[in-house]
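*Asks:* A single structure is presented below for examination.
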Amino acid sequence: MRANVIRRWLTLFCVLFVWCGGGASATKPPIRVLVSFSILKDIVHEIGGADVRVTSLIGPDSDAHVFEPSPDQLRVLAQAQLFVVNGLGLEGWETRLVQSAQYGGPVVVASHGISPIETAGSGAPAPDPHAWQDVKNAEIYAANIAQALEDADPERAEDYRRGLDRYRAELKALDRDIRDELAGIPPAKRRVITTHDAFTYYGRAYDVIFLAPEGLSTDSEPSAEGIARLIRQIRREGIKALFLENVSDPRLMEALAREVGATLGPPLFSDALSRADEPASTYVKMMRCNTAALKEGMLKN
Ligand SMILES: [Zn+2]
């Protein structure tokens, strides 16, 4: 009898607790976050989980260098509570987009605080935007994003901090694994040809030299002279590790491979994740996938 009374009181207490806000973070709707491209979407999701509803302007397997917003996307930005971009010049269209959507909320630059690689390209030196290709930089992205989520949604600050701690441990393990995976490859074999220069941060972090016939951006065309020079280099150095990226036009690299008698490796994921049912659907999977492909290619050199 007494136990029954206690149980009834406990049930009533639990119901009141949820009603009165004790379970606010469970009942509060998720915060609306818009990001520029798929890799940021994954990082926001890893940290925020069910507390965030994250939408990406640029989807999987798509090029972030060239982007035209649709009217629907302008509406999504207008209603967002937080907008996360990469920065370092990747989203040349960002200011115009914010103005067109009349978005007045916070714009967070995920790459803030990384040490940028300057690149000459065809014009004046500019920062290379592909900083996420170094896992240590992805840790900085994650910390910036967690802080932005906390600022925008302080009630769930502790959830975001926990999400960051868990994800940071995963990134540290990933960085170690990449180093271990590549450790046995002799320096002379550490040369790779890719379509567009998206791997300089990967190269600096993990000691691989990347050569690319295209300039920094996927919208620039390689010169005939540049390609001829690259072919001479491939032959001279016996490079067999030739790769396409998931966001690039394959024709040039296929022609190059034929010319030097090499076979192309599987596509590398540079500026976008794969679709959900493919092997690079998260940032961590993407880095593991690229590393396995690069290793196999370099061992053929
Ligand atoms: Zn790129």
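The way I read the labels, and the way they are meant: chains A, B, ... in the order of the structure tokens, residue 1 as the first residue of every chain, and ligand 1 as the first ligand shown, with later ones counted on from there.
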Listing only residues of chain A within 9 Å of ligand 1, what is the closest atom pair and its distance in Å (to one decimal) for each, using only C-alpha atoms and all ligand atoms, sorted by chain and residue number ascending, as JSON lines?

*Replies:*
```
{"residue": "A:Asp63", "atom": "CA", "partner": "ligand 1", "partner_atom_place_in_ligand_line": "1 (Zn)", "distance": 7.2}
{"residue": "A:Ala64", "atom": "CA", "partner": "ligand 1", "partner_atom_place_in_ligand_line": "1 (Zn)", "distance": 6.9}
{"residue": "A:His65", "atom": "CA", "partner": "ligand 1", "partner_atom_place_in_ligand_line": "1 (Zn)", "distance": 6.3}
{"residue": "A:Leu90", "atom": "CA", "partner": "ligand 1", "partner_atom_place_in_ligand_line": "1 (Zn)", "distance": 7.7}
{"residue": "A:Asp128", "atom": "CA", "partner": "ligand 1", "partner_atom_place_in_ligand_line": "1 (Zn)", "distance": 8.7}
{"residue": "A:Pro129", "atom": "CA", "partner": "ligand 1", "partner_atom_place_in_ligand_line": "1 (Zn)", "distance": 7.3}
{"residue": "A:His130", "atom": "CA", "partner": "ligand 1", "partner_atom_place_in_ligand_line": "1 (Zn)", "distance": 6.2}
{"residue": "A:His196", "atom": "CA", "partner": "ligand 1", "partner_atom_place_in_ligand_line": "1 (Zn)", "distance": 6.9}
{"residue": "A:Asp197", "atom": "CA", "partner": "ligand 1", "partner_atom_place_in_ligand_line": "1 (Zn)", "distance": 7.0}
{"residue": "A:Ala198", "atom": "CA", "partner": "ligand 1", "partner_atom_place_in_ligand_line": "1 (Zn)", "distance": 5.1}
{"residue": "A:Phe199", "atom": "CA", "partner": "ligand 1", "partner_atom_place_in_ligand_line": "1 (Zn)", "distance": 8.7}
{"residue": "A:Leu216", "atom": "CA", "partner": "ligand 1", "partner_atom_place_in_ligand_line": "1 (Zn)", "distance": 6.9}
{"residue": "A:Ser217", "atom": "CA", "partner": "ligand 1", "partner_atom_place_in_ligand_line": "1 (Zn)", "distance": 5.6}
{"residue": "A:Thr218", "atom": "CA", "partner": "ligand 1", "partner_atom_place_in_ligand_line": "1 (Zn)", "distance": 6.2}
{"residue": "A:Val247", "atom": "CA", "partner": "ligand 1", "partner_atom_place_in_ligand_line": "1 (Zn)", "distance": 8.2}
{"residue": "A:Ser270", "atom": "CA", "partner": "ligand 1", "partner_atom_place_in_ligand_line": "1 (Zn)", "distance": 6.5}
{"residue": "A:Asp271", "atom": "CA", "partner": "ligand 1", "partner_atom_place_in_ligand_line": "1 (Zn)", "distance": 5.2}
{"residue": "A:Ala272", "atom": "CA", "partner": "ligand 1", "partner_atom_place_in_ligand_line": "1 (Zn)", "distance": 8.8}
```

*Asks:* Write the residues you've just listed into a file as a compact mmCIF listing (two decimals), in the first residue's frame, and include N, CA, C and O atoms for each of them.

*Replies:*
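Saved file part00.txt follows:
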```txt
# COMPACT_ATOMS: atom_id res chain seq x y z
N ASP A 63 30.42 20.66 -55.95
CA ASP A 63 31.55 21.58 -55.89
C ASP A 63 31.17 22.86 -55.13
O ASP A 63 30.22 23.54 -55.49
N ALA A 64 31.94 23.17 -54.08
CA ALA A 64 31.64 24.36 -53.27
C ALA A 64 32.19 25.64 -53.88
O ALA A 64 31.82 26.73 -53.48
N HIS A 65 33.10 25.52 -54.86
CA HIS A 65 33.72 26.72 -55.44
C HIS A 65 32.73 27.49 -56.30
O HIS A 65 32.83 28.70 -56.45
N LEU A 90 36.61 30.24 -49.59
CA LEU A 90 35.88 29.15 -50.27
C LEU A 90 34.52 29.64 -50.77
O LEU A 90 34.12 29.35 -51.89
N ASP A 128 44.69 29.10 -49.16
CA ASP A 128 44.09 27.88 -49.68
C ASP A 128 42.93 27.50 -48.74
O ASP A 128 43.13 27.36 -47.54
N PRO A 129 41.71 27.37 -49.28
CA PRO A 129 40.57 27.12 -48.38
C PRO A 129 40.44 25.70 -47.85
O PRO A 129 39.68 25.47 -46.91
N HIS A 130 41.17 24.71 -48.43
CA HIS A 130 40.88 23.30 -48.12
C HIS A 130 41.48 22.82 -46.79
O HIS A 130 42.02 21.72 -46.70
N HIS A 196 42.49 18.78 -58.86
CA HIS A 196 42.62 20.18 -58.44
C HIS A 196 43.29 20.23 -57.08
O HIS A 196 43.19 19.33 -56.28
N ASP A 197 44.01 21.33 -56.86
CA ASP A 197 44.90 21.44 -55.71
C ASP A 197 44.15 21.50 -54.38
O ASP A 197 44.08 22.54 -53.75
N ALA A 198 43.60 20.38 -53.93
CA ALA A 198 42.77 20.42 -52.72
C ALA A 198 43.47 19.78 -51.53
O ALA A 198 42.90 19.69 -50.46
N PHE A 199 44.70 19.30 -51.73
CA PHE A 199 45.31 18.47 -50.69
C PHE A 199 46.61 19.04 -50.12
O PHE A 199 47.42 18.30 -49.58
N LEU A 216 44.12 26.21 -58.23
CA LEU A 216 43.54 25.98 -56.91
C LEU A 216 42.06 25.64 -56.96
O LEU A 216 41.57 24.80 -56.24
N SER A 217 41.35 26.29 -57.86
CA SER A 217 39.90 26.18 -57.86
C SER A 217 39.44 25.26 -58.98
O SER A 217 40.08 25.15 -60.02
N THR A 218 38.30 24.59 -58.77
CA THR A 218 37.77 23.71 -59.81
C THR A 218 37.26 24.48 -61.02
O THR A 218 36.97 23.90 -62.04
N VAL A 247 34.53 15.83 -57.07
CA VAL A 247 33.87 17.05 -57.55
C VAL A 247 34.46 17.55 -58.88
O VAL A 247 34.12 18.62 -59.33
N SER A 270 37.50 15.41 -51.93
CA SER A 270 38.24 16.62 -51.58
C SER A 270 37.36 17.67 -50.92
O SER A 270 37.62 18.08 -49.80
N ASP A 271 36.30 18.09 -51.59
CA ASP A 271 35.51 19.25 -51.15
C ASP A 271 34.09 18.86 -50.75
O ASP A 271 33.27 19.73 -50.48
N ALA A 272 33.80 17.58 -50.77
CA ALA A 272 32.43 17.15 -50.46
C ALA A 272 32.46 15.70 -50.00
O ALA A 272 33.29 14.92 -50.44
```

*Asks:* At a cut-off of 12 Å, using only C-alpha atoms, what residues contact A:Ile140? Leave out same-chain residues fewer than 4 positions from it and give the result as a PDB file with N, CA and C atoms, in the first residue's frame.

*Replies:*
```
ATOM      1  N   ILE A  43      30.186  17.829 -39.315  1.00  0.00           N
ATOM      2  CA  ILE A  43      30.817  18.246 -38.049  1.00  0.00           C
ATOM      3  C   ILE A  43      29.758  18.829 -37.100  1.00  0.00           C
ATOM      4  N   ASN A  86      33.014  27.901 -44.222  1.00  0.00           N
ATOM      5  CA  ASN A  86      34.418  27.503 -44.081  1.00  0.00           C
ATOM      6  C   ASN A  86      35.328  28.711 -43.916  1.00  0.00           C
ATOM      7  N   VAL A 109      32.777  31.464 -38.899  1.00  0.00           N
ATOM      8  CA  VAL A 109      33.805  30.971 -39.812  1.00  0.00           C
ATOM      9  C   VAL A 109      34.508  29.794 -39.130  1.00  0.00           C
ATOM     10  N   ALA A 110      34.240  28.578 -39.632  1.00  0.00           N
ATOM     11  CA  ALA A 110      34.730  27.365 -38.963  1.00  0.00           C
ATOM     12  C   ALA A 110      36.255  27.290 -38.943  1.00  0.00           C
ATOM     13  N   SER A 111      36.909  27.868 -39.953  1.00  0.00           N
ATOM     14  CA  SER A 111      38.372  27.739 -40.046  1.00  0.00           C
ATOM     15  C   SER A 111      39.111  28.788 -39.211  1.00  0.00           C
ATOM     16  N   HIS A 112      38.369  29.624 -38.475  1.00  0.00           N
ATOM     17  CA  HIS A 112      39.006  30.708 -37.719  1.00  0.00           C
ATOM     18  C   HIS A 112      40.080  30.157 -36.764  1.00  0.00           C
ATOM     19  N   GLY A 113      41.306  30.669 -36.882  1.00  0.00           N
ATOM     20  CA  GLY A 113      42.376  30.253 -35.977  1.00  0.00           C
ATOM     21  C   GLY A 113      43.308  29.190 -36.530  1.00  0.00           C
ATOM     22  N   ILE A 114      43.037  28.647 -37.716  1.00  0.00           N
ATOM     23  CA  ILE A 114      43.982  27.681 -38.312  1.00  0.00           C
ATOM     24  C   ILE A 114      45.166  28.463 -38.907  1.00  0.00           C
ATOM     25  N   SER A 115      46.279  27.785 -39.182  1.00  0.00           N
ATOM     26  CA  SER A 115      47.350  28.533 -39.851  1.00  0.00           C
ATOM     27  C   SER A 115      47.276  28.253 -41.351  1.00  0.00           C
ATOM     28  N   ALA A 131      41.367  23.666 -45.753  1.00  0.00           N
ATOM     29  CA  ALA A 131      42.053  23.399 -44.488  1.00  0.00           C
ATOM     30  C   ALA A 131      41.561  22.132 -43.777  1.00  0.00           C
ATOM     31  N   TRP A 132      40.325  21.703 -44.061  1.00  0.00           N
ATOM     32  CA  TRP A 132      39.763  20.519 -43.394  1.00  0.00           C
ATOM     33  C   TRP A 132      40.528  19.241 -43.729  1.00  0.00           C
ATOM     34  N   ASP A 134      43.479  18.564 -43.164  1.00  0.00           N
ATOM     35  CA  ASP A 134      44.385  18.240 -42.051  1.00  0.00           C
ATOM     36  C   ASP A 134      43.491  18.037 -40.825  1.00  0.00           C
ATOM     37  N   VAL A 135      43.558  16.851 -40.219  1.00  0.00           N
ATOM     38  CA  VAL A 135      42.630  16.524 -39.126  1.00  0.00           C
ATOM     39  C   VAL A 135      42.812  17.466 -37.926  1.00  0.00           C
ATOM     40  N   LYS A 136      44.038  17.958 -37.727  1.00  0.00           N
ATOM     41  CA  LYS A 136      44.259  18.914 -36.627  1.00  0.00           C
ATOM     42  C   LYS A 136      43.435  20.190 -36.861  1.00  0.00           C
ATOM     43  N   ASN A 144      35.333  25.613 -32.873  1.00  0.00           N
ATOM     44  CA  ASN A 144      34.632  26.844 -33.265  1.00  0.00           C
ATOM     45  C   ASN A 144      33.123  26.606 -33.382  1.00  0.00           C
ATOM     46  N   ILE A 145      32.785  25.471 -33.971  1.00  0.00           N
ATOM     47  CA  ILE A 145      31.356  25.161 -34.175  1.00  0.00           C
ATOM     48  C   ILE A 145      30.675  24.911 -32.829  1.00  0.00           C
ATOM     49  N   ALA A 146      31.344  24.179 -31.931  1.00  0.00           N
ATOM     50  CA  ALA A 146      30.758  23.913 -30.608  1.00  0.00           C
ATOM     51  C   ALA A 146      30.528  25.231 -29.864  1.00  0.00           C
ATOM     52  N   GLN A 147      31.492  26.140 -29.939  1.00  0.00           N
ATOM     53  CA  GLN A 147      31.361  27.436 -29.277  1.00  0.00           C
ATOM     54  C   GLN A 147      30.177  28.225 -29.864  1.00  0.00           C
ATOM     55  N   LEU A 164      31.424  17.831 -28.280  1.00  0.00           N
ATOM     56  CA  LEU A 164      32.763  18.219 -28.746  1.00  0.00           C
ATOM     57  C   LEU A 164      33.825  17.282 -28.170  1.00  0.00           C
ATOM     58  N   TYR A 167      33.730  13.972 -29.971  1.00  0.00           N
ATOM     59  CA  TYR A 167      34.177  14.058 -31.366  1.00  0.00           C
ATOM     60  C   TYR A 167      35.684  14.336 -31.432  1.00  0.00           C
ATOM     61  N   ARG A 168      36.158  15.152 -30.498  1.00  0.00           N
ATOM     62  CA  ARG A 168      37.590  15.481 -30.485  1.00  0.00           C
ATOM     63  C   ARG A 168      38.419  14.204 -30.271  1.00  0.00           C
ATOM     64  N   LEU A 171      38.600  12.430 -33.501  1.00  0.00           N
ATOM     65  CA  LEU A 171      39.512  13.078 -34.457  1.00  0.00           C
ATOM     66  C   LEU A 171      40.971  12.795 -34.094  1.00  0.00           C
ATOM     67  N   LYS A 172      41.272  12.772 -32.807  1.00  0.00           N
ATOM     68  CA  LYS A 172      42.655  12.483 -32.390  1.00  0.00           C
ATOM     69  C   LYS A 172      43.045  11.069 -32.818  1.00  0.00           C
TER      70      LYS A 172
END
```

*Asks:* Output as a PyMOL selection string all residues of stretch 16-161 of chain A that backbone DSSP marks as helix (DSSP H, G or I).

*Replies:* chain A and resi 16-19+24-27+38-51+71-79+94-101+131-133+135-152+154-161

*Asks:* Export, as a PDB file, in the first residue's frame, the selected residues with C-alpha atoms.

*Replies:*
```pdb
ATOM      1  CA  LEU A  16       5.547  17.832 -13.342  1.00  0.00           C
ATOM      2  CA  PHE A  17       9.333  17.896 -13.790  1.00  0.00           C
ATOM      3  CA  VAL A  18       9.009  17.562 -17.561  1.00  0.00           C
ATOM      4  CA  TRP A  19       6.107  20.059 -17.717  1.00  0.00           C
ATOM      5  CA  ALA A  24      13.600  21.578 -21.473  1.00  0.00           C
ATOM      6  CA  SER A  25      16.426  20.340 -23.639  1.00  0.00           C
ATOM      7  CA  ALA A  26      14.409  17.247 -24.519  1.00  0.00           C
ATOM      8  CA  THR A  27      11.270  19.168 -25.463  1.00  0.00           C
ATOM      9  CA  SER A  38      28.588  18.833 -46.646  1.00  0.00           C
ATOM     10  CA  ILE A  39      31.737  18.467 -44.507  1.00  0.00           C
ATOM     11  CA  LEU A  40      30.566  21.251 -42.159  1.00  0.00           C
ATOM     12  CA  LYS A  41      27.149  19.616 -41.972  1.00  0.00           C
ATOM     13  CA  ASP A  42      28.709  16.424 -40.670  1.00  0.00           C
ATOM     14  CA  ILE A  43      30.817  18.246 -38.049  1.00  0.00           C
ATOM     15  CA  VAL A  44      27.774  20.211 -36.797  1.00  0.00           C
ATOM     16  CA  HIS A  45      25.796  16.975 -36.630  1.00  0.00           C
ATOM     17  CA  GLU A  46      28.564  15.146 -34.737  1.00  0.00           C
ATOM     18  CA  ILE A  47      28.621  17.857 -32.061  1.00  0.00           C
ATOM     19  CA  GLY A  48      24.951  18.819 -31.901  1.00  0.00           C
ATOM     20  CA  GLY A  49      23.206  15.486 -32.593  1.00  0.00           C
ATOM     21  CA  ALA A  50      19.453  15.738 -32.079  1.00  0.00           C
ATOM     22  CA  ASP A  51      19.776  19.265 -30.633  1.00  0.00           C
ATOM     23  CA  PRO A  71      14.976  30.919 -53.807  1.00  0.00           C
ATOM     24  CA  ASP A  72      14.226  28.042 -51.389  1.00  0.00           C
ATOM     25  CA  GLN A  73      17.774  28.213 -50.030  1.00  0.00           C
ATOM     26  CA  LEU A  74      17.428  31.950 -49.425  1.00  0.00           C
ATOM     27  CA  ARG A  75      14.326  31.205 -47.345  1.00  0.00           C
ATOM     28  CA  VAL A  76      16.189  28.541 -45.335  1.00  0.00           C
ATOM     29  CA  LEU A  77      18.950  31.051 -44.572  1.00  0.00           C
ATOM     30  CA  ALA A  78      16.437  33.746 -43.592  1.00  0.00           C
ATOM     31  CA  GLN A  79      14.983  31.346 -41.011  1.00  0.00           C
ATOM     32  CA  GLU A  94      28.603  34.366 -48.904  1.00  0.00           C
ATOM     33  CA  THR A  95      28.205  38.155 -48.395  1.00  0.00           C
ATOM     34  CA  ARG A  96      25.840  38.478 -51.335  1.00  0.00           C
ATOM     35  CA  LEU A  97      23.805  35.526 -50.075  1.00  0.00           C
ATOM     36  CA  VAL A  98      23.471  36.945 -46.539  1.00  0.00           C
ATOM     37  CA  GLN A  99      22.313  40.268 -47.985  1.00  0.00           C
ATOM     38  CA  SER A 100      19.819  38.720 -50.414  1.00  0.00           C
ATOM     39  CA  ALA A 101      18.308  36.570 -47.665  1.00  0.00           C
ATOM     40  CA  ALA A 131      42.053  23.399 -44.488  1.00  0.00           C
ATOM     41  CA  TRP A 132      39.763  20.519 -43.394  1.00  0.00           C
ATOM     42  CA  GLN A 133      42.115  18.071 -45.141  1.00  0.00           C
ATOM     43  CA  VAL A 135      42.630  16.524 -39.126  1.00  0.00           C
ATOM     44  CA  LYS A 136      44.259  18.914 -36.627  1.00  0.00           C
ATOM     45  CA  ASN A 137      42.441  21.729 -38.436  1.00  0.00           C
ATOM     46  CA  ALA A 138      39.177  19.785 -38.264  1.00  0.00           C
ATOM     47  CA  GLU A 139      39.618  19.831 -34.466  1.00  0.00           C
ATOM     48  CA  ILE A 140      39.749  23.648 -34.646  1.00  0.00           C
ATOM     49  CA  TYR A 141      36.630  23.639 -36.855  1.00  0.00           C
ATOM     50  CA  ALA A 142      34.862  21.443 -34.288  1.00  0.00           C
ATOM     51  CA  ALA A 143      35.830  23.733 -31.377  1.00  0.00           C
ATOM     52  CA  ASN A 144      34.632  26.844 -33.265  1.00  0.00           C
ATOM     53  CA  ILE A 145      31.356  25.161 -34.175  1.00  0.00           C
ATOM     54  CA  ALA A 146      30.758  23.913 -30.608  1.00  0.00           C
ATOM     55  CA  GLN A 147      31.361  27.436 -29.277  1.00  0.00           C
ATOM     56  CA  ALA A 148      28.957  28.915 -31.846  1.00  0.00           C
ATOM     57  CA  LEU A 149      26.268  26.374 -30.901  1.00  0.00           C
ATOM     58  CA  GLU A 150      26.771  27.188 -27.217  1.00  0.00           C
ATOM     59  CA  ASP A 151      26.470  30.932 -27.893  1.00  0.00           C
ATOM     60  CA  ALA A 152      23.368  30.513 -30.039  1.00  0.00           C
ATOM     61  CA  PRO A 154      23.135  28.435 -24.190  1.00  0.00           C
ATOM     62  CA  GLU A 155      20.496  26.210 -22.557  1.00  0.00           C
ATOM     63  CA  ARG A 156      22.104  23.171 -24.164  1.00  0.00           C
ATOM     64  CA  ALA A 157      25.703  24.310 -23.729  1.00  0.00           C
ATOM     65  CA  GLU A 158      26.583  21.202 -21.784  1.00  0.00           C
ATOM     66  CA  ASP A 159      25.309  18.880 -24.515  1.00  0.00           C
ATOM     67  CA  TYR A 160      27.482  20.695 -27.056  1.00  0.00           C
ATOM     68  CA  ARG A 161      30.538  20.491 -24.822  1.00  0.00           C
TER      69      ARG A 161
END
```

*Asks:* For A:Leu273, work out the shell of residues within 10 Å, counting only C-alpha atoms and skipping chain neighbours fewer than 6 positions away, then give it as a count of residues only.

*Replies:* 20
